[in-house]
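Next up, model-v7.cif (mmCIF, N, CA and C atoms and all ligand atoms):
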```cif
data_query
loop_
_atom_site.label_atom_id
_atom_site.label_comp_id
_atom_site.auth_asym_id
_atom_site.auth_seq_id
_atom_site.Cartn_x
_atom_site.Cartn_y
_atom_site.Cartn_z
N MET N 198 53.67 -22.46 -27.12
CA MET N 198 53.13 -21.30 -27.81
C MET N 198 51.60 -21.31 -27.68
N THR N 199 51.05 -20.21 -27.30
CA THR N 199 49.59 -20.10 -27.21
C THR N 199 49.09 -19.23 -28.35
N LEU N 200 48.06 -19.73 -28.95
CA LEU N 200 47.44 -18.97 -30.03
C LEU N 200 46.50 -17.94 -29.45
N PRO N 201 46.42 -16.77 -30.06
CA PRO N 201 45.46 -15.77 -29.57
C PRO N 201 44.03 -16.25 -29.77
N LEU N 202 43.18 -15.85 -28.88
CA LEU N 202 41.77 -16.22 -28.99
C LEU N 202 41.06 -15.22 -29.88
N TYR N 203 40.25 -15.74 -30.76
CA TYR N 203 39.48 -14.88 -31.64
C TYR N 203 38.01 -15.16 -31.43
N ASN N 204 37.26 -14.12 -31.49
CA ASN N 204 35.81 -14.26 -31.45
C ASN N 204 35.28 -13.92 -32.83
N PRO N 205 34.98 -14.96 -33.63
CA PRO N 205 34.43 -14.67 -34.96
C PRO N 205 33.22 -13.77 -34.84
N THR N 206 33.04 -12.95 -35.83
CA THR N 206 31.98 -11.97 -35.78
C THR N 206 30.61 -12.63 -35.63
N THR N 207 29.75 -11.98 -34.89
CA THR N 207 28.37 -12.45 -34.77
C THR N 207 27.48 -11.69 -35.74
N SER N 208 28.04 -10.69 -36.38
CA SER N 208 27.28 -9.92 -37.34
C SER N 208 28.06 -9.84 -38.65
N PRO N 209 27.90 -10.85 -39.52
CA PRO N 209 28.63 -10.81 -40.79
C PRO N 209 28.31 -9.58 -41.62
N PHE N 210 27.11 -9.04 -41.47
CA PHE N 210 26.74 -7.86 -42.25
C PHE N 210 27.57 -6.64 -41.83
N LYS N 211 27.60 -6.37 -40.51
CA LYS N 211 28.34 -5.19 -40.03
C LYS N 211 29.83 -5.33 -40.32
N THR N 212 30.39 -6.49 -40.04
CA THR N 212 31.81 -6.71 -40.27
C THR N 212 32.11 -6.70 -41.76
N GLY N 213 31.24 -7.30 -42.53
CA GLY N 213 31.47 -7.41 -43.97
C GLY N 213 31.42 -6.08 -44.69
N ILE N 214 30.43 -5.26 -44.38
CA ILE N 214 30.35 -3.98 -45.10
C ILE N 214 31.48 -3.06 -44.69
N ALA N 215 32.08 -3.31 -43.53
CA ALA N 215 33.27 -2.55 -43.13
C ALA N 215 34.53 -3.13 -43.77
N CYS N 216 34.38 -4.25 -44.50
CA CYS N 216 35.50 -4.92 -45.18
C CYS N 216 36.58 -5.36 -44.20
N LYS N 217 36.16 -5.85 -43.04
CA LYS N 217 37.10 -6.33 -42.03
C LYS N 217 37.08 -7.86 -42.01
N CYS N 218 38.14 -8.41 -41.44
CA CYS N 218 38.29 -9.86 -41.35
C CYS N 218 37.18 -10.45 -40.49
N PRO N 219 36.56 -11.56 -40.94
CA PRO N 219 35.46 -12.15 -40.16
C PRO N 219 35.93 -12.80 -38.86
N ARG N 220 37.20 -13.13 -38.73
CA ARG N 220 37.67 -13.79 -37.52
C ARG N 220 38.12 -12.79 -36.45
N CYS N 221 38.91 -11.80 -36.85
CA CYS N 221 39.45 -10.88 -35.83
C CYS N 221 38.81 -9.49 -35.89
N GLN N 222 38.10 -9.18 -36.94
CA GLN N 222 37.47 -7.88 -37.16
C GLN N 222 38.48 -6.72 -37.13
N GLN N 223 39.73 -7.02 -37.38
CA GLN N 223 40.77 -5.97 -37.39
C GLN N 223 41.42 -5.84 -38.76
N GLY N 224 41.80 -6.96 -39.34
CA GLY N 224 42.52 -6.93 -40.61
C GLY N 224 41.62 -6.61 -41.78
N ARG N 225 42.26 -6.24 -42.87
CA ARG N 225 41.53 -5.90 -44.09
C ARG N 225 41.30 -7.14 -44.93
N VAL N 226 40.17 -7.19 -45.59
CA VAL N 226 39.83 -8.32 -46.45
C VAL N 226 40.34 -8.09 -47.86
N PHE N 227 40.37 -6.84 -48.30
CA PHE N 227 40.71 -6.55 -49.69
C PHE N 227 42.13 -6.04 -49.82
N ASN N 228 42.70 -6.38 -50.95
CA ASN N 228 44.05 -5.96 -51.29
C ASN N 228 43.99 -5.05 -52.51
N GLY N 229 42.96 -4.28 -52.61
CA GLY N 229 42.69 -3.42 -53.75
C GLY N 229 41.21 -3.09 -53.71
N TYR N 230 40.66 -2.68 -54.85
CA TYR N 230 39.24 -2.33 -54.85
C TYR N 230 38.35 -3.55 -54.59
N LEU N 231 38.56 -4.62 -55.36
CA LEU N 231 37.76 -5.83 -55.18
C LEU N 231 38.59 -7.10 -55.04
N LYS N 232 39.91 -6.98 -55.08
CA LYS N 232 40.76 -8.17 -55.00
C LYS N 232 40.89 -8.61 -53.54
N VAL N 233 40.52 -9.85 -53.30
CA VAL N 233 40.59 -10.38 -51.94
C VAL N 233 42.05 -10.69 -51.61
N ALA N 234 42.48 -10.28 -50.43
CA ALA N 234 43.85 -10.55 -49.99
C ALA N 234 44.04 -12.05 -49.78
N LYS N 235 45.29 -12.50 -49.82
CA LYS N 235 45.55 -13.92 -49.60
C LYS N 235 45.25 -14.33 -48.16
N ALA N 236 45.57 -13.44 -47.23
CA ALA N 236 45.34 -13.72 -45.81
C ALA N 236 45.14 -12.42 -45.07
N CYS N 237 44.56 -12.52 -43.89
CA CYS N 237 44.32 -11.35 -43.04
C CYS N 237 45.67 -10.81 -42.57
N ASP N 238 45.85 -9.50 -42.65
CA ASP N 238 47.11 -8.92 -42.22
C ASP N 238 47.20 -8.79 -40.70
N ALA N 239 46.14 -9.09 -39.99
CA ALA N 239 46.18 -9.01 -38.52
C ALA N 239 46.27 -10.39 -37.86
N CYS N 240 45.45 -11.33 -38.31
CA CYS N 240 45.42 -12.64 -37.64
C CYS N 240 45.91 -13.78 -38.54
N GLY N 241 46.11 -13.53 -39.82
CA GLY N 241 46.63 -14.55 -40.72
C GLY N 241 45.60 -15.49 -41.28
N LEU N 242 44.32 -15.23 -41.09
CA LEU N 242 43.27 -16.11 -41.64
C LEU N 242 43.41 -16.18 -43.15
N ASP N 243 43.50 -17.40 -43.66
CA ASP N 243 43.61 -17.61 -45.11
C ASP N 243 42.24 -17.39 -45.76
N PHE N 244 42.19 -16.46 -46.70
CA PHE N 244 40.92 -16.17 -47.37
C PHE N 244 40.70 -17.06 -48.58
N GLY N 245 41.41 -18.17 -48.66
CA GLY N 245 41.26 -19.08 -49.78
C GLY N 245 39.88 -19.68 -49.90
N PHE N 246 39.13 -19.68 -48.82
CA PHE N 246 37.77 -20.23 -48.84
C PHE N 246 36.81 -19.33 -49.61
N SER N 247 37.20 -18.09 -49.84
CA SER N 247 36.29 -17.10 -50.41
C SER N 247 36.01 -17.35 -51.88
N ASP N 248 34.76 -17.44 -52.21
CA ASP N 248 34.33 -17.49 -53.61
C ASP N 248 32.94 -16.89 -53.70
N THR N 249 32.89 -15.58 -53.81
CA THR N 249 31.59 -14.92 -53.83
C THR N 249 30.98 -14.90 -55.23
N ALA N 250 31.76 -15.25 -56.23
CA ALA N 250 31.29 -15.34 -57.62
C ALA N 250 30.55 -14.06 -58.04
N ASP N 251 29.37 -14.20 -58.61
CA ASP N 251 28.62 -13.05 -59.11
C ASP N 251 27.65 -12.49 -58.08
N GLY N 252 27.69 -12.99 -56.86
CA GLY N 252 26.75 -12.54 -55.83
C GLY N 252 26.75 -11.04 -55.61
N PRO N 253 27.92 -10.42 -55.41
CA PRO N 253 27.92 -8.97 -55.18
C PRO N 253 27.37 -8.19 -56.37
N ALA N 254 27.69 -8.62 -57.58
CA ALA N 254 27.19 -7.92 -58.77
C ALA N 254 25.67 -8.04 -58.86
N PHE N 255 25.15 -9.22 -58.56
CA PHE N 255 23.69 -9.42 -58.60
C PHE N 255 22.99 -8.48 -57.61
N PHE N 256 23.50 -8.45 -56.38
CA PHE N 256 22.85 -7.60 -55.38
C PHE N 256 23.01 -6.12 -55.72
N ALA N 257 24.19 -5.71 -56.22
CA ALA N 257 24.39 -4.31 -56.57
C ALA N 257 23.44 -3.89 -57.69
N MET N 258 23.31 -4.74 -58.71
CA MET N 258 22.40 -4.42 -59.81
C MET N 258 20.96 -4.38 -59.32
N SER N 259 20.61 -5.30 -58.42
CA SER N 259 19.24 -5.34 -57.90
C SER N 259 18.92 -4.10 -57.07
N ILE N 260 19.90 -3.56 -56.41
CA ILE N 260 19.67 -2.36 -55.60
C ILE N 260 19.60 -1.12 -56.49
N VAL N 261 20.52 -1.00 -57.41
CA VAL N 261 20.66 0.24 -58.19
C VAL N 261 19.69 0.32 -59.37
N SER N 262 19.41 -0.79 -60.03
CA SER N 262 18.65 -0.72 -61.27
C SER N 262 17.24 -0.16 -61.14
N PRO N 263 16.47 -0.41 -60.08
CA PRO N 263 15.16 0.24 -60.00
C PRO N 263 15.26 1.76 -60.00
N PHE N 264 16.28 2.30 -59.33
CA PHE N 264 16.45 3.75 -59.31
C PHE N 264 16.91 4.27 -60.67
N SER N 265 17.74 3.49 -61.34
CA SER N 265 18.20 3.89 -62.68
C SER N 265 17.04 3.93 -63.66
N VAL N 266 16.21 2.91 -63.61
CA VAL N 266 15.06 2.86 -64.51
C VAL N 266 14.09 4.00 -64.19
N ALA N 267 13.85 4.23 -62.90
CA ALA N 267 12.97 5.33 -62.51
C ALA N 267 13.52 6.67 -62.97
N MET N 268 14.83 6.85 -62.83
CA MET N 268 15.45 8.10 -63.26
C MET N 268 15.34 8.27 -64.77
N ALA N 269 15.59 7.20 -65.53
CA ALA N 269 15.50 7.28 -66.98
C ALA N 269 14.08 7.58 -67.43
N LEU N 270 13.11 6.91 -66.80
CA LEU N 270 11.72 7.16 -67.17
C LEU N 270 11.28 8.57 -66.81
N TRP N 271 11.69 9.03 -65.65
CA TRP N 271 11.35 10.39 -65.23
C TRP N 271 11.93 11.42 -66.20
N LEU N 272 13.21 11.25 -66.54
CA LEU N 272 13.82 12.19 -67.50
C LEU N 272 13.10 12.15 -68.84
N GLN N 273 12.71 10.96 -69.25
CA GLN N 273 12.07 10.82 -70.55
C GLN N 273 10.67 11.43 -70.56
N PHE N 274 9.87 11.11 -69.56
CA PHE N 274 8.47 11.55 -69.58
C PHE N 274 8.31 12.99 -69.11
N ALA N 275 9.14 13.45 -68.19
CA ALA N 275 9.00 14.81 -67.69
C ALA N 275 9.64 15.84 -68.61
N TYR N 276 10.76 15.47 -69.22
CA TYR N 276 11.51 16.46 -70.01
C TYR N 276 11.74 16.04 -71.46
N GLU N 277 11.28 14.86 -71.82
CA GLU N 277 11.56 14.33 -73.16
C GLU N 277 13.05 14.48 -73.48
N ALA N 278 13.86 14.02 -72.55
CA ALA N 278 15.31 14.18 -72.65
C ALA N 278 15.86 13.41 -73.83
N PRO N 279 16.76 14.03 -74.57
CA PRO N 279 17.40 13.30 -75.67
C PRO N 279 18.34 12.22 -75.12
N ILE N 280 18.76 11.35 -76.00
CA ILE N 280 19.56 10.21 -75.57
C ILE N 280 20.88 10.62 -74.94
N TRP N 281 21.46 11.74 -75.40
CA TRP N 281 22.75 12.16 -74.82
C TRP N 281 22.58 12.61 -73.37
N VAL N 282 21.42 13.14 -73.03
CA VAL N 282 21.18 13.51 -71.63
C VAL N 282 21.09 12.25 -70.76
N GLN N 283 20.42 11.25 -71.30
CA GLN N 283 20.37 9.96 -70.58
C GLN N 283 21.78 9.40 -70.41
N ALA N 284 22.60 9.55 -71.46
CA ALA N 284 23.96 8.99 -71.42
C ALA N 284 24.84 9.69 -70.39
N ILE N 285 24.63 10.98 -70.16
CA ILE N 285 25.50 11.67 -69.20
C ILE N 285 24.90 11.73 -67.80
N THR N 286 23.67 11.25 -67.63
CA THR N 286 23.08 11.25 -66.29
C THR N 286 22.79 9.83 -65.78
N THR N 287 21.96 9.11 -66.50
CA THR N 287 21.54 7.80 -66.03
C THR N 287 22.67 6.78 -66.06
N LEU N 288 23.45 6.80 -67.12
CA LEU N 288 24.54 5.82 -67.24
C LEU N 288 25.58 5.98 -66.13
N PRO N 289 26.12 7.19 -65.89
CA PRO N 289 27.07 7.32 -64.77
C PRO N 289 26.43 7.00 -63.42
N PHE N 290 25.17 7.38 -63.24
CA PHE N 290 24.49 7.05 -61.98
C PHE N 290 24.47 5.55 -61.77
N THR N 291 24.16 4.81 -62.82
CA THR N 291 24.09 3.36 -62.71
C THR N 291 25.45 2.75 -62.43
N VAL N 292 26.45 3.15 -63.19
CA VAL N 292 27.80 2.58 -63.03
C VAL N 292 28.37 2.93 -61.66
N LEU N 293 28.30 4.20 -61.28
CA LEU N 293 28.87 4.61 -59.99
C LEU N 293 28.08 4.03 -58.82
N GLY N 294 26.77 3.91 -59.00
CA GLY N 294 25.96 3.30 -57.95
C GLY N 294 26.34 1.85 -57.72
N CYS N 295 26.54 1.11 -58.79
CA CYS N 295 26.95 -0.30 -58.67
C CYS N 295 28.34 -0.39 -58.05
N MET N 296 29.25 0.50 -58.47
CA MET N 296 30.61 0.46 -57.91
C MET N 296 30.59 0.79 -56.42
N PHE N 297 29.70 1.66 -56.01
CA PHE N 297 29.59 2.03 -54.60
C PHE N 297 29.20 0.82 -53.75
N PHE N 298 28.30 0.00 -54.27
CA PHE N 298 27.79 -1.13 -53.49
C PHE N 298 28.63 -2.41 -53.61
N LEU N 299 29.42 -2.55 -54.66
CA LEU N 299 30.12 -3.81 -54.90
C LEU N 299 31.05 -4.23 -53.75
N ARG N 300 31.88 -3.33 -53.31
CA ARG N 300 32.89 -3.66 -52.29
C ARG N 300 32.25 -4.07 -50.95
N PRO N 301 31.35 -3.28 -50.39
CA PRO N 301 30.74 -3.73 -49.13
C PRO N 301 29.92 -5.01 -49.28
N LEU N 302 29.28 -5.19 -50.44
CA LEU N 302 28.50 -6.41 -50.63
C LEU N 302 29.41 -7.63 -50.74
N LYS N 303 30.56 -7.47 -51.39
CA LYS N 303 31.50 -8.59 -51.48
C LYS N 303 32.07 -8.91 -50.09
N GLY N 304 32.36 -7.88 -49.31
CA GLY N 304 32.83 -8.09 -47.94
C GLY N 304 31.78 -8.82 -47.11
N TRP N 305 30.53 -8.45 -47.29
CA TRP N 305 29.45 -9.09 -46.54
C TRP N 305 29.31 -10.56 -46.93
N LEU N 306 29.35 -10.86 -48.22
CA LEU N 306 29.22 -12.25 -48.66
C LEU N 306 30.41 -13.10 -48.21
N LEU N 307 31.62 -12.52 -48.28
CA LEU N 307 32.81 -13.25 -47.82
C LEU N 307 32.70 -13.56 -46.33
N CYS N 308 32.28 -12.56 -45.59
CA CYS N 308 32.13 -12.74 -44.14
C CYS N 308 31.06 -13.79 -43.83
N SER N 309 29.98 -13.76 -44.57
CA SER N 309 28.92 -14.75 -44.37
C SER N 309 29.41 -16.15 -44.69
N GLN N 310 30.23 -16.29 -45.72
CA GLN N 310 30.79 -17.60 -46.05
C GLN N 310 31.62 -18.14 -44.89
N TYR N 311 32.40 -17.27 -44.27
CA TYR N 311 33.23 -17.73 -43.16
C TYR N 311 32.37 -18.12 -41.96
N VAL N 312 31.42 -17.28 -41.61
CA VAL N 312 30.59 -17.52 -40.42
C VAL N 312 29.74 -18.78 -40.59
N HIS N 313 29.21 -19.00 -41.78
CA HIS N 313 28.32 -20.14 -42.01
C HIS N 313 29.05 -21.35 -42.58
N LEU N 314 30.38 -21.33 -42.54
CA LEU N 314 31.22 -22.46 -42.95
C LEU N 314 30.91 -22.93 -44.37
N VAL N 315 30.70 -22.02 -45.26
CA VAL N 315 30.41 -22.37 -46.65
C VAL N 315 31.72 -22.79 -47.33
N ARG N 316 31.69 -23.93 -47.92
CA ARG N 316 32.85 -24.43 -48.67
C ARG N 316 32.37 -25.03 -49.97
N GLU N 317 33.29 -25.22 -50.90
CA GLU N 317 32.94 -25.83 -52.16
C GLU N 317 32.51 -27.27 -51.94
N GLY N 318 31.44 -27.67 -52.61
CA GLY N 318 30.94 -29.02 -52.46
C GLY N 318 31.85 -30.05 -53.12
N LYS N 319 31.97 -31.20 -52.51
CA LYS N 319 32.78 -32.30 -53.06
C LYS N 319 31.98 -33.58 -53.01
N LEU N 320 32.13 -34.38 -54.04
CA LEU N 320 31.46 -35.67 -54.07
C LEU N 320 32.31 -36.71 -53.36
N LYS N 321 31.65 -37.55 -52.56
CA LYS N 321 32.38 -38.64 -51.93
C LYS N 321 32.56 -39.76 -52.95
N SER N 322 33.73 -40.33 -53.00
CA SER N 322 33.95 -41.41 -53.96
C SER N 322 33.97 -42.75 -53.27
ZN ZN N 401 41.87 -11.40 -39.17
#
```

Now, as a test, write the supplied structure out as structure tokens.
Ligand SMILES: [Zn+2]
Amino acid sequence: MTLPLYNPTTSPFKTGIACKCPRCQQGRVFNGYLKVAKACDACGLDFGFSDTADGPAFFAMSIVSPFSVAMALWLQFAYEAPIWVQAITTLPFTVLGCMFFLRPLKGWLLCSQYVHLVREGKLKS
């Protein structure tokens, strides 16, 4: 039996934001919105190595929050907007903006973990 040859991605960013498998670039990484699949549906790569933790949330908040703060300040100083206007504009913008970035950022971090052989640290005994 010969195993198929795979060329792991050379661009974890491009492959990751497309949410594709880092080994074959064909299979899907997610089995839902943010739930990582057990294995690639195309090549069978076990995604058990994946542990992106809070990384995607940190990057999503870092990207979206400056715009959210700018929007809130602009609404406040330009229009003296009441709090309910902030609640129906700035809050949904922030939540939806973070949700927009979470999935591709998680795919990127997962892909980077595979390419750079990141694994959980273990102490030698
Ligand atoms: Zn694959």

| request: May I ask which of the residues N:Leu299, N:Leu306, N:Leu320, N:Leu272 is the closest one to Ala254 of chain N, counting all atoms listed in the file? | output: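 When distances to Ala254 of chain N are compared using all atoms listed in the file, the smallest one comes from N:Leu299.
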
| field | Near-Pro301 of chain N list (6.5 Å; all atoms listed in the file; drop same-chain fewer than 5 positions) as an MDAnalysis selection string | value | chainID N and resid 213:216 306

| Closest of N:Lys211, N:Pro219, N:Val266, N:Asn204 to ligand ZN 401 (chain N) - atom-to-atom distances counting all atoms listed in the file |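 When distances to ligand ZN 401 (chain N) are compared using all atoms listed in the file, the smallest one comes from N:Pro219.
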
| task | Return as an MDAnalysis selection string the residues of protein, DNA or RNA that approach ligand ZN 401 (chain N) to within 12 Å, with only C-alpha atoms and all ligand atoms taken into account. | result | chainID N and resid 201:206 212 216:227 234:244 308 311

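Across the structure, atom N of Gln310 of chain N and atom CA of Leu293 of chain N are spaced 25.3 Å apart.
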
| request: Work out how far apart atom CA of Glu277 of chain N and atom CA of Gly294 of chain N are and give it in Å to one decimal. | output: 23.7 Å
